[in-house]
file work18.cif (mmCIF, C-alpha atoms)
data_entry
#
loop_
_atom_site.group_PDB
_atom_site.id
_atom_site.type_symbol
_atom_site.label_atom_id
_atom_site.label_comp_id
_atom_site.auth_asym_id
_atom_site.auth_seq_id
_atom_site.Cartn_x
_atom_site.Cartn_y
_atom_site.Cartn_z
ATOM 1 C CA MET P 1032 160.265 -212.665 -64.991
ATOM 2 C CA ALA P 1033 161.132 -209.201 -63.772
ATOM 3 C CA TRP P 1034 159.174 -207.429 -61.075
ATOM 4 C CA PHE P 1035 156.987 -204.475 -62.139
ATOM 5 C CA GLU P 1036 159.531 -202.056 -60.665
ATOM 6 C CA ASP P 1037 162.374 -203.471 -62.775
ATOM 7 C CA ILE P 1038 160.678 -203.298 -66.185
ATOM 8 C CA GLU P 1039 162.019 -200.368 -68.209
ATOM 9 C CA ILE P 1040 159.963 -198.270 -70.581
ATOM 10 C CA GLY P 1041 161.446 -198.632 -74.058
ATOM 11 C CA ARG P 1042 162.483 -202.254 -73.525
ATOM 12 C CA VAL P 1043 162.179 -204.122 -76.854
ATOM 13 C CA ILE P 1044 161.918 -207.914 -77.070
ATOM 14 C CA GLU P 1045 162.088 -209.718 -80.414
ATOM 15 C CA LEU P 1046 159.625 -212.602 -80.137
ATOM 16 C CA GLY P 1047 160.609 -214.637 -83.203
ATOM 17 C CA SER P 1048 158.636 -215.466 -86.324
ATOM 18 C CA HIS P 1049 155.923 -217.764 -87.653
ATOM 19 C CA THR P 1050 155.160 -218.893 -91.215
ATOM 20 C CA PHE P 1051 151.431 -219.042 -91.959
ATOM 21 C CA THR P 1052 151.030 -222.030 -94.295
ATOM 22 C CA SER P 1053 147.777 -222.566 -96.217
ATOM 23 C CA ASP P 1054 146.998 -225.579 -94.041
ATOM 24 C CA ASP P 1055 147.619 -223.557 -90.873
ATOM 25 C CA ILE P 1056 145.399 -220.685 -92.070
ATOM 26 C CA ILE P 1057 142.554 -223.019 -93.095
ATOM 27 C CA ARG P 1058 142.746 -225.147 -89.924
ATOM 28 C CA PHE P 1059 142.326 -222.111 -87.635
ATOM 29 C CA ALA P 1060 139.647 -220.495 -89.784
ATOM 30 C CA GLU P 1061 137.486 -223.610 -90.122
ATOM 31 C CA LYS P 1062 137.142 -223.610 -86.349
ATOM 32 C CA TYR P 1063 136.806 -219.932 -85.578
ATOM 33 C CA ASP P 1064 136.269 -217.756 -88.670
ATOM 34 C CA PRO P 1065 135.187 -219.699 -91.767
ATOM 35 C CA GLN P 1066 134.771 -216.744 -94.133
ATOM 36 C CA PRO P 1067 135.675 -217.963 -97.649
ATOM 37 C CA PHE P 1068 138.800 -215.767 -97.937
ATOM 38 C CA HIS P 1069 140.187 -217.644 -94.879
ATOM 39 C CA THR P 1070 139.143 -221.196 -95.830
ATOM 40 C CA ASP P 1071 138.875 -221.575 -99.619
ATOM 41 C CA PRO P 1072 141.864 -220.629 -101.840
ATOM 42 C CA GLU P 1073 139.715 -220.565 -104.994
ATOM 43 C CA ALA P 1074 136.907 -218.446 -103.537
ATOM 44 C CA ALA P 1075 139.528 -216.175 -101.952
ATOM 45 C CA LYS P 1076 140.837 -215.255 -105.431
ATOM 46 C CA ASP P 1077 137.498 -213.586 -106.155
ATOM 47 C CA SER P 1078 137.476 -211.618 -102.887
ATOM 48 C CA HIS P 1079 138.970 -208.139 -102.559
ATOM 49 C CA PHE P 1080 141.991 -209.799 -100.888
ATOM 50 C CA GLY P 1081 142.759 -211.640 -104.155
ATOM 51 C CA GLY P 1082 143.858 -214.806 -102.333
ATOM 52 C CA LEU P 1083 143.815 -216.768 -99.105
ATOM 53 C CA VAL P 1084 144.538 -214.639 -96.006
ATOM 54 C CA ALA P 1085 144.931 -215.567 -92.343
ATOM 55 C CA ALA P 1086 142.085 -214.822 -89.900
ATOM 56 C CA GLY P 1087 142.822 -211.759 -87.800
ATOM 57 C CA TRP P 1088 142.410 -213.689 -84.543
ATOM 58 C CA HIS P 1089 144.879 -216.269 -85.858
ATOM 59 C CA ILE P 1090 147.494 -213.519 -86.345
ATOM 60 C CA ALA P 1091 146.827 -212.362 -82.762
ATOM 61 C CA ALA P 1092 146.922 -215.893 -81.292
ATOM 62 C CA VAL P 1093 150.324 -216.500 -82.868
ATOM 63 C CA TRP P 1094 151.614 -213.318 -81.179
ATOM 64 C CA MET P 1095 150.542 -214.849 -77.836
ATOM 65 C CA LYS P 1096 152.217 -218.163 -78.710
ATOM 66 C CA LEU P 1097 155.512 -216.428 -79.485
ATOM 67 C CA MET P 1098 155.222 -214.185 -76.413
ATOM 68 C CA ILE P 1099 154.960 -217.246 -74.157
ATOM 69 C CA GLY P 1100 157.778 -218.930 -76.094
ATOM 70 C CA ALA P 1101 160.022 -215.893 -75.605
ATOM 71 C CA ARG P 1102 159.404 -215.996 -71.846
ATOM 72 C CA GLU P 1103 160.452 -219.610 -71.718
ATOM 73 C CA THR P 1104 163.640 -219.122 -73.700
ATOM 74 C CA ALA P 1105 164.639 -215.875 -71.939
ATOM 75 C CA PRO P 1106 167.906 -215.917 -69.982
ATOM 76 C CA LYS P 1107 167.511 -217.519 -66.570
ATOM 77 C CA ASP P 1108 165.600 -215.208 -64.290
ATOM 78 C CA GLU P 1109 167.812 -213.157 -62.006
ATOM 79 C CA SER P 1110 164.921 -211.537 -60.120
ATOM 80 C CA LYS P 1111 165.232 -211.981 -56.367
ATOM 81 C CA PRO P 1112 162.294 -212.805 -54.087
ATOM 82 C CA ALA P 1113 160.476 -209.853 -52.527
ATOM 83 C CA PRO P 1114 161.394 -208.734 -48.966
ATOM 84 C CA ASP P 1115 158.194 -210.461 -47.766
ATOM 85 C CA GLY P 1116 159.297 -213.736 -49.400
ATOM 86 C CA ARG P 1117 157.095 -213.734 -52.532
ATOM 87 C CA GLN P 1118 158.783 -215.265 -55.574
ATOM 88 C CA ALA P 1119 159.370 -213.226 -58.744
ATOM 89 C CA PRO P 1120 156.347 -212.944 -61.108
ATOM 90 C CA GLN P 1121 155.424 -215.749 -63.486
ATOM 91 C CA GLY P 1122 153.379 -213.397 -65.689
ATOM 92 C CA GLY P 1123 149.831 -212.381 -64.970
ATOM 93 C CA PRO P 1124 146.500 -212.067 -66.740
ATOM 94 C CA SER P 1125 145.560 -209.160 -68.996
ATOM 95 C CA PRO P 1126 142.574 -206.824 -68.569
ATOM 96 C CA GLY P 1127 142.379 -206.362 -72.340
ATOM 97 C CA PHE P 1128 143.950 -204.470 -75.232
ATOM 98 C CA PHE P 1129 143.549 -201.324 -77.342
ATOM 99 C CA ASP P 1130 144.007 -200.157 -80.938
ATOM 100 C CA LEU P 1131 144.453 -203.548 -82.551
ATOM 101 C CA LYS P 1132 145.100 -203.013 -86.277
ATOM 102 C CA TRP P 1133 145.189 -205.588 -89.043
ATOM 103 C CA VAL P 1134 147.223 -203.240 -91.227
ATOM 104 C CA LYS P 1135 147.848 -205.527 -94.218
ATOM 105 C CA PRO P 1136 146.653 -209.039 -95.075
ATOM 106 C CA VAL P 1137 148.793 -212.012 -93.999
ATOM 107 C CA ARG P 1138 148.845 -214.326 -96.996
ATOM 108 C CA ALA P 1139 149.630 -218.030 -97.271
ATOM 109 C CA GLU P 1140 153.372 -218.668 -96.785
ATOM 110 C CA ASP P 1141 154.023 -215.201 -95.315
ATOM 111 C CA THR P 1142 156.495 -215.220 -92.433
ATOM 112 C CA ILE P 1143 155.606 -212.738 -89.713
ATOM 113 C CA SER P 1144 158.184 -211.523 -87.172
ATOM 114 C CA TYR P 1145 156.761 -210.139 -83.941
ATOM 115 C CA ARG P 1146 158.197 -207.795 -81.339
ATOM 116 C CA THR P 1147 156.998 -206.132 -78.155
ATOM 117 C CA THR P 1148 158.052 -202.736 -76.755
ATOM 118 C CA THR P 1149 157.197 -201.564 -73.231
ATOM 119 C CA ILE P 1150 155.557 -198.137 -73.522
ATOM 120 C CA GLU P 1151 153.841 -197.382 -70.200
ATOM 121 C CA LYS P 1152 153.689 -198.451 -66.537
ATOM 122 C CA VAL P 1153 150.497 -197.808 -64.577
ATOM 123 C CA ASP P 1154 150.352 -197.783 -60.751
ATOM 124 C CA LEU P 1155 147.122 -199.149 -59.277
ATOM 125 C CA LYS P 1156 145.756 -197.743 -56.033
ATOM 126 C CA SER P 1157 143.222 -200.588 -55.992
ATOM 127 C CA ARG P 1158 145.898 -203.324 -56.276
ATOM 128 C CA PRO P 1159 149.020 -202.300 -54.351
ATOM 129 C CA TYR P 1160 150.812 -205.549 -55.191
ATOM 130 C CA GLN P 1161 150.322 -205.242 -58.954
ATOM 131 C CA GLY P 1162 150.841 -202.738 -61.734
ATOM 132 C CA ILE P 1163 149.806 -202.657 -65.380
ATOM 133 C CA ILE P 1164 152.489 -202.826 -68.037
ATOM 134 C CA ARG P 1165 151.390 -201.532 -71.453
ATOM 135 C CA SER P 1166 153.253 -202.627 -74.556
ATOM 136 C CA LEU P 1167 153.186 -201.878 -78.272
ATOM 137 C CA ASN P 1168 153.131 -205.196 -80.118
ATOM 138 C CA GLU P 1169 153.929 -205.386 -83.810
ATOM 139 C CA GLY P 1170 154.176 -207.969 -86.586
ATOM 140 C CA PHE P 1171 156.175 -207.455 -89.794
ATOM 141 C CA ASN P 1172 156.128 -209.621 -92.924
ATOM 142 C CA GLN P 1173 159.168 -210.924 -94.810
ATOM 143 C CA ASP P 1174 159.312 -207.641 -96.770
ATOM 144 C CA GLY P 1175 159.541 -205.635 -93.556
ATOM 145 C CA GLU P 1176 156.002 -204.261 -93.894
ATOM 146 C CA LEU P 1177 153.974 -203.718 -90.719
ATOM 147 C CA VAL P 1178 150.968 -206.067 -90.918
ATOM 148 C CA PHE P 1179 149.657 -206.135 -87.329
ATOM 149 C CA SER P 1180 149.853 -204.036 -84.182
ATOM 150 C CA PHE P 1181 148.100 -203.524 -80.876
ATOM 151 C CA ILE P 1182 148.627 -202.079 -77.416
ATOM 152 C CA GLY P 1183 148.609 -204.914 -74.900
ATOM 153 C CA GLN P 1184 148.362 -204.855 -71.128
ATOM 154 C CA GLY P 1185 149.530 -207.205 -68.422
ATOM 155 C CA LEU P 1186 149.088 -207.227 -64.645
ATOM 156 C CA ILE P 1187 152.569 -207.717 -63.195
ATOM 157 C CA GLU P 1188 153.403 -208.158 -59.510
ATOM 158 C CA ARG P 1189 155.365 -205.521 -57.621
ATOM 159 C CA CYS P 1190 158.308 -206.421 -55.433
ATOM 160 C CA GLU P 1191 157.129 -203.940 -52.810
ATOM 161 C CA PRO P 1192 153.538 -202.690 -52.419
ATOM 162 C CA TYR P 1193 152.660 -199.420 -54.112
ATOM 163 C CA ALA P 1194 152.622 -196.542 -51.671
ATOM 164 C CA VAL P 1195 150.226 -193.839 -52.874
ATOM 165 C CA PRO P 1196 152.167 -190.559 -52.816
ATOM 166 C CA SER P 1197 150.841 -188.340 -50.026
ATOM 167 C CA GLU P 1198 149.234 -185.088 -51.094
ATOM 168 C CA GLY P 1199 151.039 -181.765 -50.558
ATOM 169 C CA MET O 567 122.796 -211.558 -98.762
ATOM 170 C CA ILE O 568 123.022 -208.720 -96.243
ATOM 171 C CA TYR O 569 124.882 -205.698 -97.629
ATOM 172 C CA TRP O 570 126.224 -202.562 -95.893
ATOM 173 C CA GLU O 571 122.999 -200.671 -96.692
ATOM 174 C CA ASP O 572 120.951 -203.323 -94.872
ATOM 175 C CA VAL O 573 122.548 -202.691 -91.460
ATOM 176 C CA PRO O 574 121.142 -199.514 -89.904
ATOM 177 C CA VAL O 575 122.796 -197.882 -86.904
ATOM 178 C CA GLY O 576 120.987 -199.367 -83.920
ATOM 179 C CA HIS O 577 120.729 -202.838 -85.497
ATOM 180 C CA SER O 578 121.182 -205.443 -82.757
ATOM 181 C CA PHE O 579 121.174 -209.224 -82.454
ATOM 182 C CA THR O 580 122.213 -211.965 -80.051
ATOM 183 C CA THR O 581 124.041 -215.091 -81.180
ATOM 184 C CA ALA O 582 123.267 -218.686 -80.278
ATOM 185 C CA GLU O 583 124.693 -220.036 -77.017
ATOM 186 C CA ARG O 584 127.723 -222.281 -76.785
ATOM 187 C CA THR O 585 129.105 -224.278 -73.853
ATOM 188 C CA ILE O 586 132.892 -224.177 -73.685
ATOM 189 C CA SER O 587 134.424 -227.541 -72.792
ATOM 190 C CA LYS O 588 137.531 -228.146 -70.726
ATOM 191 C CA GLU O 589 139.067 -230.027 -73.664
ATOM 192 C CA GLU O 590 138.547 -227.065 -76.004
ATOM 193 C CA VAL O 591 140.113 -224.627 -73.513
ATOM 194 C CA ILE O 592 143.176 -226.844 -73.126
ATOM 195 C CA GLU O 593 143.487 -227.544 -76.854
ATOM 196 C CA PHE O 594 143.577 -223.840 -77.806
ATOM 197 C CA ALA O 595 145.902 -222.958 -74.932
ATOM 198 C CA SER O 596 148.298 -225.814 -75.703
ATOM 199 C CA GLU O 597 148.896 -224.349 -79.141
ATOM 200 C CA TYR O 598 148.633 -220.590 -78.533
ATOM 201 C CA ASP O 599 148.694 -219.635 -74.838
ATOM 202 C CA PRO O 600 150.302 -222.347 -72.686
ATOM 203 C CA GLN O 601 149.980 -220.778 -69.227
ATOM 204 C CA PRO O 602 149.015 -222.921 -66.195
ATOM 205 C CA PHE O 603 145.593 -221.281 -65.643
ATOM 206 C CA HIS O 604 144.603 -222.236 -69.236
ATOM 207 C CA LEU O 605 146.089 -225.755 -69.184
ATOM 208 C CA ASP O 606 145.839 -227.466 -65.819
ATOM 209 C CA GLU O 607 142.781 -227.611 -63.521
ATOM 210 C CA GLU O 608 144.792 -228.084 -60.342
ATOM 211 C CA ALA O 609 147.340 -225.364 -61.089
ATOM 212 C CA ALA O 610 144.513 -223.040 -62.166
ATOM 213 C CA LYS O 611 142.743 -223.370 -58.779
ATOM 214 C CA ASP O 612 145.797 -221.902 -57.075
ATOM 215 C CA SER O 613 146.233 -219.101 -59.615
ATOM 216 C CA ILE O 614 144.956 -215.516 -59.541
ATOM 217 C CA LEU O 615 142.120 -216.605 -61.893
ATOM 218 C CA GLY O 616 140.822 -219.287 -59.517
ATOM 219 C CA GLY O 617 140.057 -222.031 -62.026
ATOM 220 C CA LEU O 618 140.674 -223.389 -65.514
ATOM 221 C CA CYS O 619 139.677 -220.646 -67.961
ATOM 222 C CA ALA O 620 140.006 -219.864 -71.652
ATOM 223 C CA SER O 621 142.801 -217.731 -73.052
ATOM 224 C CA GLY O 622 141.517 -214.225 -73.735
ATOM 225 C CA TRP O 623 142.425 -214.747 -77.386
ATOM 226 C CA HIS O 624 140.369 -217.946 -77.354
ATOM 227 C CA SER O 625 137.401 -215.938 -76.015
ATOM 228 C CA CYS O 626 137.853 -213.558 -78.958
ATOM 229 C CA ALA O 627 137.962 -216.487 -81.410
ATOM 230 C CA ILE O 628 134.862 -218.094 -79.828
ATOM 231 C CA ALA O 629 133.002 -214.770 -80.070
ATOM 232 C CA MET O 630 134.071 -214.488 -83.721
ATOM 233 C CA ARG O 631 132.618 -217.920 -84.504
ATOM 234 C CA LEU O 632 129.346 -217.202 -82.712
ATOM 235 C CA VAL O 633 128.935 -213.902 -84.582
ATOM 236 C CA TYR O 634 129.964 -215.558 -87.868
ATOM 237 C CA ASP O 635 127.247 -218.193 -87.458
ATOM 238 C CA SER O 636 124.587 -215.512 -86.846
ATOM 239 C CA PHE O 637 125.723 -212.802 -89.260
ATOM 240 C CA HIS O 638 128.858 -213.155 -91.389
ATOM 241 C CA VAL O 639 127.620 -216.417 -92.957
ATOM 242 C CA LYS O 640 124.798 -214.494 -94.693
ATOM 243 C CA ALA O 641 126.407 -211.050 -95.066
ATOM 244 C CA ALA O 642 128.821 -209.444 -97.556
ATOM 245 C CA THR O 643 131.550 -209.160 -94.913
ATOM 246 C CA GLN O 644 134.973 -208.170 -96.226
ATOM 247 C CA GLY O 645 137.245 -208.291 -93.179
ATOM 248 C CA SER O 646 138.009 -205.902 -90.344
ATOM 249 C CA PRO O 647 140.616 -203.132 -90.113
ATOM 250 C CA GLY O 648 140.872 -203.681 -86.361
ATOM 251 C CA ILE O 649 139.562 -203.547 -82.813
ATOM 252 C CA LYS O 650 139.428 -200.189 -81.020
ATOM 253 C CA GLU O 651 139.221 -201.806 -77.595
ATOM 254 C CA CYS O 652 138.758 -205.231 -76.029
ATOM 255 C CA ARG O 653 138.188 -205.704 -72.318
ATOM 256 C CA TRP O 654 138.488 -209.099 -70.663
ATOM 257 C CA ARG O 655 136.207 -208.390 -67.684
ATOM 258 C CA ARG O 656 135.895 -211.845 -66.092
ATOM 259 C CA PRO O 657 137.566 -215.183 -66.780
ATOM 260 C CA LEU O 658 135.661 -217.529 -69.123
ATOM 261 C CA TYR O 659 135.762 -220.717 -67.061
ATOM 262 C CA ALA O 660 135.609 -224.154 -68.681
ATOM 263 C CA GLY O 661 132.021 -225.433 -68.616
ATOM 264 C CA GLU O 662 130.401 -221.988 -68.895
ATOM 265 C CA THR O 663 127.784 -221.248 -71.562
ATOM 266 C CA VAL O 664 128.257 -218.008 -73.479
ATOM 267 C CA LYS O 665 126.542 -215.904 -76.110
ATOM 268 C CA VAL O 666 127.387 -212.577 -77.756
ATOM 269 C CA THR O 667 125.108 -209.537 -78.051
ATOM 270 C CA VAL O 668 126.042 -207.351 -80.997
ATOM 271 C CA ASN O 669 125.084 -203.715 -81.664
ATOM 272 C CA CYS O 670 125.795 -201.544 -84.698
ATOM 273 C CA ILE O 671 126.701 -198.127 -83.262
ATOM 274 C CA ASN O 672 127.937 -196.283 -86.347
ATOM 275 C CA ALA O 673 128.337 -196.654 -90.115
ATOM 276 C CA ARG O 674 129.912 -194.794 -93.009
ATOM 277 C CA PRO O 675 130.728 -195.423 -96.659
ATOM 278 C CA SER O 676 134.343 -196.235 -97.497
ATOM 279 C CA GLU O 677 136.177 -193.184 -98.856
ATOM 280 C CA SER O 678 138.731 -195.212 -100.794
ATOM 281 C CA ARG O 679 136.569 -198.105 -102.021
ATOM 282 C CA PRO O 680 133.198 -197.128 -103.551
ATOM 283 C CA THR O 681 131.973 -200.741 -103.445
ATOM 284 C CA MET O 682 132.401 -200.937 -99.649
ATOM 285 C CA GLY O 683 131.033 -199.474 -96.465
ATOM 286 C CA LEU O 684 132.173 -199.628 -92.854
ATOM 287 C CA THR O 685 130.091 -200.606 -89.853
ATOM 288 C CA ASN O 686 131.101 -199.968 -86.225
ATOM 289 C CA TRP O 687 130.058 -202.637 -83.706
ATOM 290 C CA THR O 688 130.099 -203.417 -80.024
ATOM 291 C CA TRP O 689 130.173 -207.048 -78.907
ATOM 292 C CA GLU O 690 129.340 -208.193 -75.389
ATOM 293 C CA MET O 691 129.986 -211.799 -74.389
ATOM 294 C CA THR O 692 127.942 -212.911 -71.378
ATOM 295 C CA ASN O 693 127.819 -216.188 -69.443
ATOM 296 C CA GLN O 694 124.829 -218.262 -68.279
ATOM 297 C CA ALA O 695 124.424 -215.986 -65.214
ATOM 298 C CA GLY O 696 124.273 -212.873 -67.395
ATOM 299 C CA GLU O 697 127.716 -211.732 -66.239
ATOM 300 C CA THR O 698 129.857 -209.884 -68.775
ATOM 301 C CA ILE O 699 132.937 -211.861 -69.811
ATOM 302 C CA MET O 700 134.248 -209.617 -72.577
ATOM 303 C CA THR O 701 133.389 -206.455 -74.496
ATOM 304 C CA THR O 702 134.847 -205.172 -77.761
ATOM 305 C CA GLU O 703 134.407 -202.255 -80.131
ATOM 306 C CA SER O 704 135.437 -202.843 -83.721
ATOM 307 C CA TRP O 705 134.922 -201.897 -87.365
ATOM 308 C CA LEU O 706 133.837 -204.257 -90.135
ATOM 309 C CA MET O 707 134.121 -203.732 -93.889
ATOM 310 C CA MET O 708 131.059 -204.777 -95.881
ATOM 311 C CA GLY O 709 130.208 -204.856 -99.565
ATOM 312 C CA ARG O 710 127.644 -202.317 -100.756
ATOM 313 C CA ARG O 711 124.483 -203.442 -102.481
ATOM 314 C CA PRO O 712 125.055 -203.882 -106.214
ATOM 315 C CA ALA O 713 122.435 -202.168 -108.407
ATOM 316 C CA ASN O 714 121.120 -205.537 -109.638
ATOM 317 C CA ALA O 715 121.017 -207.336 -106.270
ATOM 318 C CA ALA O 716 117.840 -208.925 -104.952
ATOM 319 C CA THR O 717 115.975 -207.309 -102.051
ATOM 320 C CA PRO O 718 117.372 -208.295 -98.662
ATOM 321 C CA GLU O 719 115.819 -211.109 -96.703
ATOM 322 C CA ALA O 720 113.753 -209.842 -93.793
ATOM 323 C CA ASN O 721 115.472 -210.162 -90.453
#
call {"tool": "encode", "arguments": {"input": "work18.cif", "output": "structure tokens"}}
result
Amino acid sequence: MAWFEDIEIGRVIELGSHTFTSDDIIRFAEKYDPQPFHTDPEAAKDSHFGGLVAAGWHIAAVWMKLMIGARETAPKDESKPAPDGRQAPQGGPSPGFFDLKWVKPVRAEDTISYRTTTIEKVDLKSRPYQGIIRSLNEGFNQDGELVFSFIGQGLIERCEPYAVPSEG
Amino acid sequence: MIYWEDVPVGHSFTTAERTISKEEVIEFASEYDPQPFHLDEEAAKDSILGGLCASGWHSCAIAMRLVYDSFHVKAATQGSPGIKECRWRRPLYAGETVKVTVNCINARPSESRPTMGLTNWTWEMTNQAGETIMTTESWLMMGRRPANAATPEAN
């Protein structure tokens, strides 16, 4: 992957798509969120959703799956080692996310296409060898409607340590 | 059944505890988040996280199930419009025992759906040492009490 310094704000990556089958929706929900509108197609008809819908955390987990998949299928990494010999980043952990919205239900057999857009880079005085990349992540259904979005964050290594600008 | 009216601001509860197995961490990560620190004990030791730990999204799903078992299973829950913020504060290592403490911090009726209300919650997942693993703030849609519904169970 690219070093923190080389990631451009505005970069868009299409992550691919996933079809949420009934079986897929029910299998996830029985483990983690067995509310009837996620596990029982008949009971779901009587809910305000009017039918089976995917658990929100399932929609988010599939974003992660496709994000990792996109990293693995990306063109071979051209990033050079750092001057001190460290290899280019493999992707780091996340401190969390903001503004996650389940905008519309994801129904059985819906195909959701995900994309990620870099929106902000944050320098860290406390971690000179890392920065935070913030991204807007979105999922659209087969009719092009936005169904899911959130602002994600990742700690990404810097090629050269951050030098805090001197005052004055 | 617990309806929107039955959850006052300030309502708080703590879920049951659950120990997270290595197998469960690897199973979730294999399908949804296949990174070395979620998949392989040896590789995880050498990583920035220092040991095999659950995907952050797995932590969210585990918290959801714990809260479901304590609340959603007996409440008129109708889904969530989203999560304002989620912080992954420490790794959730395989073998740790976690629980979630839940607080209702705000509530309002739905403007568009007269049969629903919204409740605003914080969740805090802690481990066996009382250390905070994860915090979230979110909204939950709930059905309002129908005129002919029975009185709520005491809780």
call {"tool": "resolve_selection", "arguments": {"input": "work18.cif", "expression": "the PyMOL selection byres ((chain P) within 6 of (chain O))", "output": "list in words"}}
result
Tyr1063, Asp1064, Ala1092, Met1095, Lys1096, Pro1126, Gly1127, Phe1128, Phe1129, Asp1130, Leu1131, Lys1132 and Trp1133 of chain P
call {"tool": "resolve_selection", "arguments": {"input": "work18.cif", "expression": "the PyMOL selection byres ((chain P and resi 1148) around 6)", "output": "PyMOL selection string"}}
result
chain P and resi 1041-1043+1147+1149+1166-1167
call {"tool": "residues_around", "arguments": {"input": "work18.cif", "residues": "region 665-671 of chain O", "least_positions_apart": "3", "cutoff": "7 Å", "atoms": "all atoms listed in the file", "output": "PyMOL selection string"}}
result
chain O and resi 575-584+629+685-693
call {"tool": "closest_residue", "arguments": {"input": "work18.cif", "among": "O:Ala660, O:Pro574, O:Thr585, O:Ala610", "to": "Gly683 (chain O)", "atoms": "all atoms listed in the file"}}
result
O:Pro574
call {"tool": "residues_around", "arguments": {"input": "work18.cif", "residues": "region 1177-1189 of chain P", "least_positions_apart": "2", "cutoff": "7 Å", "atoms": "only C-alpha atoms", "output": "number ranges by chain"}}
result
P: 1034-1036, 1120, 1122-1136, 1160-1172, 1175, 1191-1192
call {"tool": "atom_distance", "arguments": {"input": "work18.cif", "atom1": "CA of Ala642 (chain O)", "atom2": "CA of Ile1143 (chain P)"}}
result
28.1 Å
call {"tool": "closest_residue", "arguments": {"input": "work18.cif", "among": "P:Ser1197, P:Gln1173, P:Thr1070, P:Ser1048", "to": "Trp1094 (chain P)", "atoms": "all atoms listed in the file"}}
result
P:Ser1048
call {"tool": "resolve_selection", "arguments": {"input": "work18.cif", "expression": "the PyMOL selection byres ((chain P and resi 1068) around 12)", "output": "count of residues only"}}
result
36
call {"tool": "closest_residue", "arguments": {"input": "work18.cif", "among": "P:Asp1055, P:Glu1045, P:Glu1039, P:Asp1115", "to": "Ser1144 (chain P)", "atoms": "only C-alpha atoms"}}
result
P:Glu1045
call {"tool": "atom_distance", "arguments": {"input": "work18.cif", "atom1": "CA of Cys1190 (chain P)", "atom2": "CA of Glu607 (chain O)"}}
result
27.5 Å
call {"tool": "atom_distance", "arguments": {"input": "work18.cif", "atom1": "CA of Glu1140 (chain P)", "atom2": "CA of Glu1176 (chain P)"}}
result
14.9 Å
call {"tool": "axis_aligned_box", "arguments": {"input": "work18.cif", "around": "region 646-649 of chain O", "padding_each_side": "6 Å", "output": "lines of an AutoDock Vina configuration file"}}
result
center_x = 139.4
center_y = -204.5
center_z = -86.6
size_x = 14.9
size_y = 14.8
size_z = 19.5
call {"tool": "decode", "arguments": {"input": "work18.cif", "residues": "region 1128-1146 of chain P", "atoms": "C-alpha atoms", "output": "CSV table (one decimal), in the first residue's frame"}}
result
chain,number,residue,atom,x,y,z
P,1128,PHE,CA,-15.6,5.6,12.8
P,1129,PHE,CA,-18.1,8.4,12.7
P,1130,ASP,CA,-21.6,9.2,11.2
P,1131,LEU,CA,-22.5,5.7,10.2
P,1132,LYS,CA,-25.9,5.8,8.4
P,1133,TRP,CA,-28.1,2.9,7.4
P,1134,VAL,CA,-29.9,5.1,4.9
P,1135,LYS,CA,-32.3,2.5,3.4
P,1136,PRO,CA,-32.9,-1.1,4.1
P,1137,VAL,CA,-30.9,-3.8,2.3
P,1138,ARG,CA,-33.4,-6.4,1.3
P,1139,ALA,CA,-32.9,-10.1,0.3
P,1140,GLU,CA,-31.3,-10.4,-3.2
P,1141,ASP,CA,-30.2,-6.7,-3.2
P,1142,THR,CA,-26.7,-6.2,-4.7
P,1143,ILE,CA,-24.7,-3.4,-3.0
P,1144,SER,CA,-21.8,-1.7,-4.6
P,1145,TYR,CA,-19.3,-0.1,-2.2
P,1146,ARG,CA,-16.8,2.7,-2.7
